[in-house]
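A.B. asks: Take a look at coords-v5.cif, mmCIF, C-alpha atoms and all ligand atoms:
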```cif
data_my_file
loop_
_atom_site.label_atom_id
_atom_site.label_comp_id
_atom_site.auth_asym_id
_atom_site.auth_seq_id
_atom_site.Cartn_x
_atom_site.Cartn_y
_atom_site.Cartn_z
CA MET A 1 0.00 0.00 0.00
CA SER A 2 1.32 3.47 -0.79
CA LYS A 3 2.29 5.75 2.07
CA PRO A 4 -0.41 8.15 3.24
CA ILE A 5 0.52 11.78 2.59
CA ILE A 6 -1.35 14.35 4.67
CA THR A 7 -3.53 16.44 2.37
CA CYS A 8 -5.63 18.37 4.86
CA THR A 9 -5.95 19.04 8.58
CA GLU A 10 -9.12 20.33 10.22
CA VAL A 11 -9.27 22.02 13.62
CA HIS A 12 -12.71 22.60 15.16
CA GLU A 13 -13.52 24.40 18.38
CA PHE A 14 -16.91 23.59 19.87
CA GLU A 15 -19.03 24.17 22.97
CA TYR A 16 -21.06 21.88 25.19
CA GLU A 17 -23.02 22.09 28.43
CA ILE A 18 -21.45 21.09 31.71
CA ARG A 19 -24.06 20.44 34.39
CA ASP A 20 -23.63 20.24 38.19
CA HIS A 21 -19.87 20.71 37.94
CA ASN A 22 -17.79 23.85 38.27
CA PRO A 23 -15.02 23.33 35.70
CA VAL A 24 -12.88 26.14 37.09
CA ASP A 25 -12.47 24.74 40.59
CA PHE A 26 -13.42 21.10 39.81
CA ILE A 27 -16.13 21.07 42.46
CA TYR A 28 -19.64 19.65 42.51
CA GLU A 29 -22.11 22.51 42.04
CA PRO A 30 -25.68 21.18 41.79
CA GLY A 31 -27.97 23.06 39.43
CA SER A 32 -25.13 24.87 37.68
CA VAL A 33 -24.69 25.00 33.90
CA TYR A 34 -21.34 26.04 32.47
CA ILE A 35 -20.19 26.25 28.87
CA GLY A 36 -17.42 23.72 28.22
CA ARG A 37 -15.08 24.14 25.29
CA GLY A 38 -13.54 21.34 23.26
CA THR A 39 -11.09 20.86 20.43
CA ALA A 40 -11.55 18.36 17.58
CA LEU A 41 -8.77 17.53 15.16
CA ARG A 42 -9.02 15.57 11.93
CA ILE A 43 -6.09 14.66 9.65
CA HIS A 44 -6.83 13.47 6.08
CA THR A 45 -4.50 11.70 3.64
CA ASP A 46 -4.32 11.09 -0.10
CA ILE A 47 -5.27 7.41 0.30
CA GLY A 48 -8.50 8.15 2.15
CA VAL A 49 -7.35 7.12 5.64
CA SER A 50 -7.97 9.74 8.34
CA GLY A 51 -6.99 10.20 11.97
CA GLU A 52 -9.06 11.96 14.64
CA TYR A 53 -8.80 13.18 18.19
CA VAL A 54 -11.25 15.14 20.32
CA THR A 55 -10.53 16.50 23.76
CA ARG A 56 -11.94 18.91 26.29
CA GLY A 57 -10.43 22.35 26.59
CA LEU A 58 -8.94 24.67 24.06
CA ALA A 59 -5.46 24.39 25.53
CA GLY A 60 -4.09 22.68 22.46
CA ALA A 61 -5.99 24.82 19.97
CA PRO A 62 -3.63 27.83 19.81
CA MET A 63 -0.71 25.50 19.18
CA LEU A 64 -2.71 23.71 16.48
CA SER A 65 -2.92 26.92 14.47
CA THR A 66 0.87 26.56 14.14
CA THR A 67 1.28 22.79 13.90
CA ALA A 68 -1.82 21.68 11.95
CA PRO A 69 -0.90 23.57 8.74
CA TRP A 70 2.74 22.52 9.11
CA VAL A 71 2.13 18.76 8.85
CA VAL A 72 0.29 19.04 5.51
CA GLY A 73 2.34 17.29 2.81
CA LEU A 74 4.15 14.97 5.26
CA ASN A 75 4.01 11.17 5.45
CA ALA A 76 1.41 10.51 8.15
CA LEU A 77 3.20 7.35 9.31
CA GLU A 78 6.41 9.19 10.18
CA ARG A 79 5.30 10.12 13.68
CA GLU A 80 8.82 10.05 15.09
CA LYS A 81 10.13 12.41 12.43
CA ILE A 82 7.21 14.78 13.05
CA TYR A 83 7.76 14.54 16.83
CA GLN A 84 11.45 15.38 16.48
CA SER A 85 10.82 18.22 14.01
CA LEU A 86 8.18 19.81 16.25
CA LYS A 87 10.41 19.36 19.30
CA LEU A 88 13.23 21.20 17.58
CA TRP A 89 10.95 23.93 16.37
CA LEU A 90 8.80 24.52 19.45
CA LYS A 91 11.57 24.16 22.04
CA GLY A 92 10.15 24.77 25.52
CA ARG A 93 6.57 24.51 24.30
CA ALA A 94 7.32 21.34 22.39
CA TRP A 95 5.21 18.80 24.26
CA GLN A 96 2.20 21.10 24.42
CA GLY A 97 2.40 21.50 20.65
CA ILE A 98 3.01 17.86 19.83
CA GLY A 99 0.29 16.16 21.89
CA LEU A 100 -2.95 16.48 19.93
CA ILE A 101 -1.34 16.11 16.47
CA ASP A 102 0.56 13.02 17.58
CA ILE A 103 -2.53 11.31 19.02
CA ALA A 104 -4.49 11.92 15.79
CA LEU A 105 -1.53 10.50 13.82
CA TRP A 106 -1.55 7.37 16.00
CA ASP A 107 -5.30 7.04 15.38
CA LEU A 108 -4.57 7.31 11.66
CA ALA A 109 -1.83 4.67 11.87
CA GLY A 110 -4.20 2.32 13.69
CA LYS A 111 -6.76 2.73 10.93
CA TYR A 112 -4.06 2.27 8.27
CA TYR A 113 -2.87 -1.00 9.83
CA ASP A 114 -6.39 -1.97 11.05
CA ALA A 115 -5.22 -2.41 14.64
CA PRO A 116 -5.77 -0.69 17.99
CA ILE A 117 -2.93 1.60 19.04
CA TYR A 118 -1.96 -0.51 22.05
CA GLU A 119 -1.22 -3.44 19.71
CA LEU A 120 0.97 -1.26 17.48
CA LEU A 121 2.81 -0.16 20.63
CA GLY A 122 3.34 -3.77 21.66
CA GLY A 123 0.34 -4.80 23.76
CA TYR A 124 0.88 -5.64 27.40
CA ARG A 125 -2.63 -5.89 28.92
CA LYS A 126 -6.30 -5.29 28.20
CA LYS A 127 -7.68 -4.58 31.68
CA LEU A 128 -6.60 -1.42 33.49
CA PRO A 129 -7.02 -1.12 37.28
CA CYS A 130 -8.60 2.22 38.19
CA TYR A 131 -8.47 4.64 41.06
CA ALA A 132 -11.40 6.80 42.02
CA SER A 133 -9.95 10.31 41.79
CA THR A 134 -12.35 12.66 43.53
CA HIS A 135 -13.70 16.07 42.74
CA VAL A 136 -12.12 18.83 44.80
CA GLY A 137 -13.70 19.13 48.27
CA ASP A 138 -16.85 21.28 48.40
CA TYR A 139 -19.18 22.82 50.99
CA ILE A 140 -22.40 21.42 49.51
CA LYS A 141 -24.91 19.44 51.57
CA GLY A 142 -24.49 15.80 50.61
CA GLY A 143 -21.22 16.54 48.82
CA LEU A 144 -17.55 16.02 49.67
CA ASN A 145 -17.90 18.58 52.44
CA SER A 146 -16.02 17.01 55.37
CA PRO A 147 -13.37 14.43 56.25
CA GLU A 148 -16.17 11.95 57.00
CA ALA A 149 -17.80 12.63 53.62
CA PHE A 150 -14.53 11.70 51.91
CA ALA A 151 -14.34 8.56 54.07
CA ASP A 152 -17.94 7.63 53.18
CA PHE A 153 -17.16 8.04 49.48
CA ALA A 154 -13.96 5.99 49.77
CA GLU A 155 -15.99 3.20 51.37
CA GLN A 156 -18.57 3.43 48.56
CA CYS A 157 -15.81 3.18 45.94
CA LEU A 158 -14.26 0.20 47.76
CA LYS A 159 -17.62 -1.59 47.68
CA MET A 160 -17.94 -0.84 43.96
CA GLY A 161 -14.62 -2.61 43.35
CA TYR A 162 -12.16 0.27 43.14
CA PRO A 163 -8.73 -0.86 44.35
CA ALA A 164 -7.54 2.69 45.01
CA PHE A 165 -8.87 6.14 45.98
CA LYS A 166 -7.35 9.62 45.64
CA ILE A 167 -8.42 12.64 47.66
CA HIS A 168 -8.46 16.07 46.04
CA GLU A 169 -8.65 18.31 49.09
CA TRP A 170 -10.45 21.67 49.21
CA ARG A 171 -9.01 24.56 47.20
CA ASP A 172 -8.71 26.55 50.46
CA VAL A 173 -7.69 23.53 52.54
CA THR A 174 -5.86 24.09 55.80
CA PRO A 175 -3.30 21.58 57.08
CA LYS A 176 -5.69 20.76 59.95
CA GLN A 177 -8.53 19.97 57.52
CA GLY A 178 -6.24 17.98 55.22
CA ILE A 179 -4.73 15.96 58.05
CA ALA A 180 -8.20 15.19 59.45
CA THR A 181 -9.30 13.97 55.98
CA ILE A 182 -6.26 11.74 55.52
CA HIS A 183 -6.88 10.18 58.93
CA ALA A 184 -10.64 9.78 58.37
CA VAL A 185 -10.12 8.01 55.03
CA GLY A 186 -7.12 6.03 56.30
CA LYS A 187 -9.00 4.77 59.38
CA ARG A 188 -12.04 3.77 57.28
CA VAL A 189 -10.48 1.97 54.29
CA GLY A 190 -6.71 1.88 54.93
CA GLY A 191 -5.23 -1.54 54.25
CA LYS A 192 -8.17 -2.39 51.95
CA MET A 193 -7.33 -0.04 49.08
CA ASP A 194 -4.38 2.10 48.00
CA LEU A 195 -4.82 5.71 49.10
CA MET A 196 -3.42 8.88 47.61
CA SER A 197 -3.58 12.59 48.45
CA ASP A 198 -3.41 15.26 45.74
CA PRO A 199 -3.83 18.75 47.22
CA ALA A 200 -3.15 20.06 43.70
CA ASN A 201 -0.68 22.65 45.07
CA SER A 202 -3.25 24.08 47.51
CA TYR A 203 -1.08 24.30 50.65
CA ASN A 204 0.66 27.62 51.12
CA THR A 205 4.02 26.60 52.49
CA PHE A 206 6.63 23.88 52.44
CA ALA A 207 6.03 23.42 56.18
CA ASP A 208 2.34 22.69 55.49
CA ALA A 209 3.44 20.09 52.92
CA VAL A 210 5.67 18.41 55.53
CA LYS A 211 2.92 18.36 58.21
CA VAL A 212 0.35 16.81 55.88
CA GLY A 213 2.93 14.40 54.46
CA ARG A 214 3.51 13.04 57.97
CA ALA A 215 -0.22 12.25 58.22
CA CYS A 216 0.11 10.33 54.92
CA ASP A 217 2.99 8.42 56.56
CA GLU A 218 0.85 7.49 59.56
CA GLU A 219 -1.90 6.13 57.31
CA GLY A 220 0.47 4.34 54.91
CA PHE A 221 -0.57 6.31 51.82
CA PHE A 222 0.46 4.99 48.42
CA TRP A 223 1.54 8.40 47.11
CA TYR A 224 1.44 12.12 47.96
CA GLU A 225 1.10 14.42 44.94
CA ASP A 226 1.86 18.09 44.21
CA PRO A 227 1.27 19.30 47.77
CA TYR A 228 2.04 23.02 47.80
CA MET A 229 2.31 26.27 45.97
CA ASP A 230 5.61 25.79 44.21
CA CYS A 231 3.22 24.21 41.66
CA GLY A 232 5.35 21.09 41.50
CA HIS A 233 8.40 22.77 39.98
CA SER A 234 11.07 22.78 42.68
CA GLN A 235 13.43 19.82 42.53
CA PHE A 236 15.30 21.11 45.60
CA ALA A 237 12.17 21.39 47.76
CA HIS A 238 10.86 17.95 46.84
CA ARG A 239 14.22 16.31 47.46
CA LYS A 240 14.06 17.91 50.95
CA LEU A 241 10.45 16.74 51.37
CA ARG A 242 11.46 13.18 50.46
CA GLN A 243 14.10 13.34 53.21
CA LEU A 244 11.50 14.42 55.78
CA ILE A 245 8.59 12.04 55.07
CA LYS A 246 8.25 8.37 54.12
CA THR A 247 5.29 8.42 51.71
CA PRO A 248 6.36 8.17 48.04
CA LEU A 249 6.00 11.46 46.15
CA LEU A 250 4.33 11.78 42.77
CA LEU A 251 5.52 14.89 40.93
CA THR A 252 6.00 16.09 37.32
CA GLU A 253 2.33 16.53 36.32
CA HIS A 254 3.16 20.23 35.88
CA VAL A 255 6.61 19.73 34.41
CA THR A 256 6.42 19.49 30.63
CA SER A 257 8.68 17.57 28.19
CA LEU A 258 10.73 14.42 28.52
CA GLU A 259 14.10 15.69 29.76
CA PRO A 260 12.85 17.98 32.56
CA LYS A 261 10.57 15.20 33.85
CA VAL A 262 13.44 12.71 33.95
CA ASP A 263 15.74 15.34 35.52
CA PHE A 264 13.23 15.50 38.39
CA VAL A 265 13.84 11.83 39.12
CA LEU A 266 17.59 12.16 38.77
CA ALA A 267 17.50 14.99 41.33
CA ASP A 268 15.86 12.55 43.81
CA ALA A 269 12.81 14.82 43.81
CA THR A 270 10.06 12.31 42.99
CA ASP A 271 9.33 8.58 43.35
CA PHE A 272 6.81 8.28 40.50
CA LEU A 273 6.83 9.96 37.08
CA ARG A 274 3.66 11.60 35.77
CA GLY A 275 2.55 12.25 32.19
CA ASP A 276 -0.52 12.94 30.04
CA PRO A 277 -0.81 11.99 26.33
CA ASN A 278 -2.41 15.40 25.66
CA ASP A 279 0.98 16.84 26.60
CA GLY A 280 3.61 15.05 24.50
CA GLY A 281 1.34 12.72 22.58
CA ILE A 282 1.43 8.95 22.64
CA THR A 283 4.96 9.13 21.22
CA GLY A 284 6.14 11.30 24.11
CA ILE A 285 4.37 9.22 26.76
CA MET A 286 5.92 5.99 25.50
CA LYS A 287 9.37 7.61 25.64
CA LEU A 288 8.61 8.64 29.23
CA ALA A 289 7.43 5.12 30.10
CA GLY A 290 10.69 3.75 28.70
CA ALA A 291 12.72 6.27 30.68
CA ALA A 292 10.84 5.31 33.86
CA GLU A 293 11.37 1.62 33.15
CA ALA A 294 15.10 2.18 32.62
CA LEU A 295 15.25 3.88 36.02
CA GLY A 296 13.26 1.04 37.56
CA ILE A 297 10.29 3.22 38.53
CA ASP A 298 6.65 3.67 37.48
CA LEU A 299 4.85 6.19 35.27
CA GLU A 300 1.33 7.18 36.32
CA LEU A 301 -0.86 8.75 33.61
CA HIS A 302 -2.86 11.89 34.35
CA ALA A 303 -6.66 11.83 33.79
CA ALA A 304 -8.88 9.57 31.66
CA GLY A 305 -9.57 9.07 27.94
CA PRO A 306 -9.12 6.68 25.03
CA ALA A 307 -5.52 7.79 24.33
CA HIS A 308 -4.69 7.21 28.01
CA ARG A 309 -6.16 3.70 27.87
CA GLN A 310 -4.26 2.84 24.68
CA CYS A 311 -0.97 3.94 26.27
CA MET A 312 -1.51 2.25 29.63
CA ALA A 313 -2.42 -1.03 27.90
CA ALA A 314 1.08 -1.03 26.39
CA ILE A 315 2.98 -0.07 29.57
CA ARG A 316 3.98 -2.55 32.30
CA ASN A 317 5.35 -0.07 34.81
CA SER A 318 2.12 1.83 35.53
CA ASN A 319 -0.25 1.05 38.39
CA TYR A 320 -3.57 2.80 37.89
CA TYR A 321 -5.89 4.47 35.39
CA GLU A 322 -7.16 7.75 36.82
CA MET A 323 -10.96 7.88 36.82
CA PHE A 324 -11.22 11.63 37.28
CA PRO A 325 -13.15 13.54 38.54
CA VAL A 326 -15.66 11.34 40.40
CA HIS A 327 -18.19 12.39 43.03
CA PRO A 328 -20.86 10.52 44.99
CA LYS A 329 -23.61 12.56 43.30
CA LEU A 330 -22.35 12.32 39.69
CA LYS A 331 -22.29 9.21 37.51
CA THR A 332 -20.50 10.61 34.48
CA LEU A 333 -17.42 12.79 34.08
CA SER A 334 -19.62 15.81 33.53
CA TYR A 335 -16.74 18.00 32.39
CA SER A 336 -16.05 15.79 29.36
CA PRO A 337 -17.70 16.63 26.02
CA PRO A 338 -20.41 14.14 24.92
CA VAL A 339 -18.59 13.21 21.73
CA TYR A 340 -18.55 9.40 21.66
CA LYS A 341 -20.93 7.59 19.34
CA SER A 342 -19.42 4.25 20.22
CA ASN A 343 -19.96 2.58 23.57
CA TYR A 344 -17.13 4.41 25.29
CA TRP A 345 -17.36 6.36 28.52
CA ASP A 346 -15.50 7.26 31.67
CA GLY A 347 -17.26 7.83 34.99
CA LEU A 348 -17.80 6.47 38.47
CA ASP A 349 -19.75 3.44 37.16
CA ALA A 350 -17.48 2.72 34.18
CA ILE A 351 -15.47 0.03 36.03
CA ASP A 352 -16.14 -3.70 36.14
CA LYS A 353 -16.43 -5.74 39.36
CA ASP A 354 -12.63 -5.92 39.62
CA GLY A 355 -12.31 -2.14 39.48
CA CYS A 356 -10.95 -2.15 35.92
CA VAL A 357 -11.77 -0.61 32.56
CA THR A 358 -10.80 -2.20 29.26
CA VAL A 359 -8.86 -0.84 26.33
CA PRO A 360 -10.98 -0.11 23.21
CA GLU A 361 -10.34 -2.83 20.60
CA GLY A 362 -11.28 -1.00 17.39
CA PRO A 363 -8.63 0.38 15.02
CA GLY A 364 -6.69 3.42 16.22
CA LEU A 365 -8.09 4.93 19.39
CA GLY A 366 -10.98 2.47 19.08
CA VAL A 367 -13.71 5.09 19.48
CA GLU A 368 -16.18 6.62 17.05
CA TYR A 369 -16.71 10.35 17.41
CA ASP A 370 -20.08 12.06 17.03
CA TRP A 371 -19.14 14.58 14.33
CA ASP A 372 -22.75 15.68 13.98
CA PHE A 373 -22.63 16.93 17.58
CA ILE A 374 -19.23 18.56 17.12
CA MET A 375 -20.19 20.39 13.92
CA LYS A 376 -23.59 21.44 15.30
CA HIS A 377 -21.85 23.08 18.28
CA ARG A 378 -18.85 24.41 16.37
CA THR A 379 -17.69 27.91 17.34
CA GLY A 380 -14.49 28.27 15.32
CA GLY A 381 -11.48 26.60 13.78
CA ALA A 382 -9.74 26.27 10.46
CA GLU A 383 -8.98 23.91 7.59
CA TYR A 384 -5.47 23.68 6.19
CA LYS A 385 -4.51 22.25 2.78
CA GLU A 386 -1.37 22.13 0.64
CA GLY A 387 -0.40 25.70 -0.08
CA SER A 388 -1.54 26.95 3.32
CA ALA A 389 1.31 25.14 5.08
CA ILE A 390 3.60 27.58 6.81
CA LYS A 391 7.34 27.14 6.55
CA ASN A 392 9.52 27.28 9.61
CA PRO A 393 11.86 30.16 8.91
CA ARG A 394 14.72 28.79 11.06
CA PHE A 395 14.75 25.05 10.71
CA GLY A 396 12.31 23.77 8.12
CA ARG A 397 11.34 20.15 8.23
CA ILE A 398 13.77 17.36 8.98
CA LYS A 399 14.51 15.77 5.60
MG MG B 1 -2.64 15.96 40.14
#
```
Could you render the structure as structure tokens?

C.D. replies:
Amino acid sequence: MSKPIITCTEVHEFEYEIRDHNPVDFIYEPGSVYIGRGTALRIHTDIGVSGEYVTRGLAGAPMLSTTAPWVVGLNALEREKIYQSLKLWLKGRAWQGIGLIDIALWDLAGKYYDAPIYELLGGYRKKLPCYASTHVGDYIKGGLNSPEAFADFAEQCLKMGYPAFKIHEWRDVTPKQGIATIHAVGKRVGGKMDLMSDPANSYNTFADAVKVGRACDEEGFFWYEDPYMDCGHSQFAHRKLRQLIKTPLLLTEHVTSLEPKVDFVLADATDFLRGDPNDGGITGIMKLAGAAEALGIDLELHAAGPAHRQCMAAIRNSNYYEMFPVHPKLKTLSYSPPVYKSNYWDGLDAIDKDGCVTVPEGPGLGVEYDWDFIMKHRTGGAEYKEGSAIKNPRFGRIK
């Protein structure tokens, strides 16, 4: 079969309703309706095979106005060459610019070879153990409004089959509140499921991070993630934190690109690596998984989605799929756009009795997108064809 040359890329921005969820603070907000924004990317080739990827947020969209025209005319199967060219071109913003294009190219390759992506990557497993990753704490009646409410929800998730549970503390959490929550959840379900704390950088000081970390130690937590307001960037501080507490640290969610993430490990500043296919693409995430494996440690993927499942199904050294954000009052991930025509979904009830989800088995990402919905709710975007491709003034494409 001849090689597929990219003839056209389409970028579509669209809107959808988000109900009962505040997408700014990631809290349960009953009765609320917010406008969510999504990005849909489609890559067409001269042999009729296309690749697609749709994700929430417009974060990747500004970068797509640079990268989507640039890939027109290239061989769609040369993902590594495209990854390396974009890396060279985009420098510090490389992974943010590579992610969405790379995932759509992997979807295209899967359709070209008629195989799911995880098989092309070298399949390792089909069932992915999940952790219930909560909404951020709220102050709503019946919500995640107290340490006991988090403990009740952890117990509910344990009964459902979840093998692990992660607390996202309140945005304005105090160390006292956080410590009480860690103890409440630890006393209720500790020893029966793996427990994690992710304050998402909410504590003000390093000292707060140490105090709360010691509570994680007492309850035998599985990991402690991004505790305070350095926003997960200081290698020095997290090496110090590792010296002061026993609980393994999970950092690098907010560190972008391969080398800086690995440098974090080499500085003794984290125990786990963290990555998201939306940032770096499937190509970048598999490089990160290999780097973690070479160092003898694990890579934990951030958030949920078909690209995440395809990657995790091809990685040995990864423990859990993040079912995020879940809440006792919400069945679906209400912040995600309703774009799947196929029987694919993430949400509190998406797991089987063993607490696992499966990897989609269709070609590429293994999901069918609802393009009628996307186009009906389209708010902007662009289509790029040969002739509209911009040339990089400094480097050009790698030959
Ligand atoms: Mg996190």

A.B. asks: Using all atoms listed in the file, collect all residues at a distance of at most 8 Å from (10.5, 8.0, 54.2) as written in the file, then present them as a ChimeraX atom specification.

C.D. replies: /A:217,242-248

A.B. asks: Could you list, as a ChimeraX atom specification, all residues that come within 8 Å of ligand MG 1 (chain B)? Count all atoms listed in the file.

C.D. replies: /A:198-200,225-226,253,302

A.B. asks: Counting all atoms listed in the file, I want the residues whose atoms come within 12 Å of (-1.2, 0.0, 32.3) in the file frame, returned as a count of residues only.

C.D. replies: 35

A.B. asks: Rounded to one decimal in Å, what is the spacing between CA of Gly31 (chain A) and CA of Arg19 (chain A)?

C.D. replies: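 Between these atoms lies a distance of 6.9 Å.
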
A.B. asks: Neighbouring residues of region 26-29 of chain A were defined as those with any atom within 8 Å, considering only C-alpha atoms; residues of the same chain fewer than 2 positions away were excluded. Please report them as a list in words.

C.D. replies: Asp20, His21, Asn22, Pro23, Val24, Gly31, Ser32, His135, Val136, Gly137, Asp138, Ile140, Gly143, Pro325 and His327 of chain A

A.B. asks: Would you mind telling me which residue in A:Tyr113, A:Thr67, A:Ala294, A:Gly305 lies nearest to Pro360 (chain A) when using only C-alpha atoms?

C.D. replies: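 Looking only at the distances to Pro360 (chain A), the closest residue turns out to be A:Gly305.
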
A.B. asks: What does the structure give for the distance between CA of Pro4 (chain A) and CA of Gly92 (chain A), in Å to one decimal?

C.D. replies: 29.7 Å

A.B. asks: For CA of Ala149 (chain A) and CA of Trp345 (chain A), determine how far apart the two atoms are, in Å to one decimal place.

C.D. replies: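 These atoms are spaced 25.9 Å apart.
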
A.B. asks: Neighbours of Val49 (chain A) within 9 Å (all atoms listed in the file; same-chain residues fewer than 4 positions away dropped), as a PyMOL selection string?

C.D. replies: chain A and resi 4+43-45+108-109+111-112

A.B. asks: Using only C-alpha atoms, which residue out of A:Asp172, A:Ala267, A:Val185, A:Pro147 lies closest to Met229 (chain A)?

C.D. replies: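 The shortest atom-to-atom distance to Met229 (chain A) comes from A:Asp172.
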
A.B. asks: As AutoDock Vina command-line options, please report the centre and edge lengths, rounded to one decimal in Å, of the axis-aligned box that holds all listed atoms of region 82-96 of chain A with 3 Å of padding on each of the six sides.

C.D. replies:
```
--center_x 7.7 --center_y 19.7 --center_z 19.3 --size_x 17.0 --size_y 16.2 --size_z 18.5
```

A.B. asks: Find, counting all atoms listed in the file, the residue in A:Gly48, A:Gly142, A:Gly281, A:Gly97 that gets nearest to Lys329 (chain A).

C.D. replies: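 When distances to Lys329 (chain A) are compared using all atoms listed in the file, the smallest one comes from A:Gly142.
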
A.B. asks: Can you work out which one of A:Met63, A:Ala184, A:Leu266, A:Leu365 has the shortest atom-to-atom distance to Arg93 (chain A), counting only C-alpha atoms?

C.D. replies: A:Met63

A.B. asks: List the neighbours of Lys331 (chain A) out to 10 Å using all atoms listed in the file; skip same-chain residues closer than 6 positions along the sequence, and give me the result as a count of residues only.

C.D. replies: 5
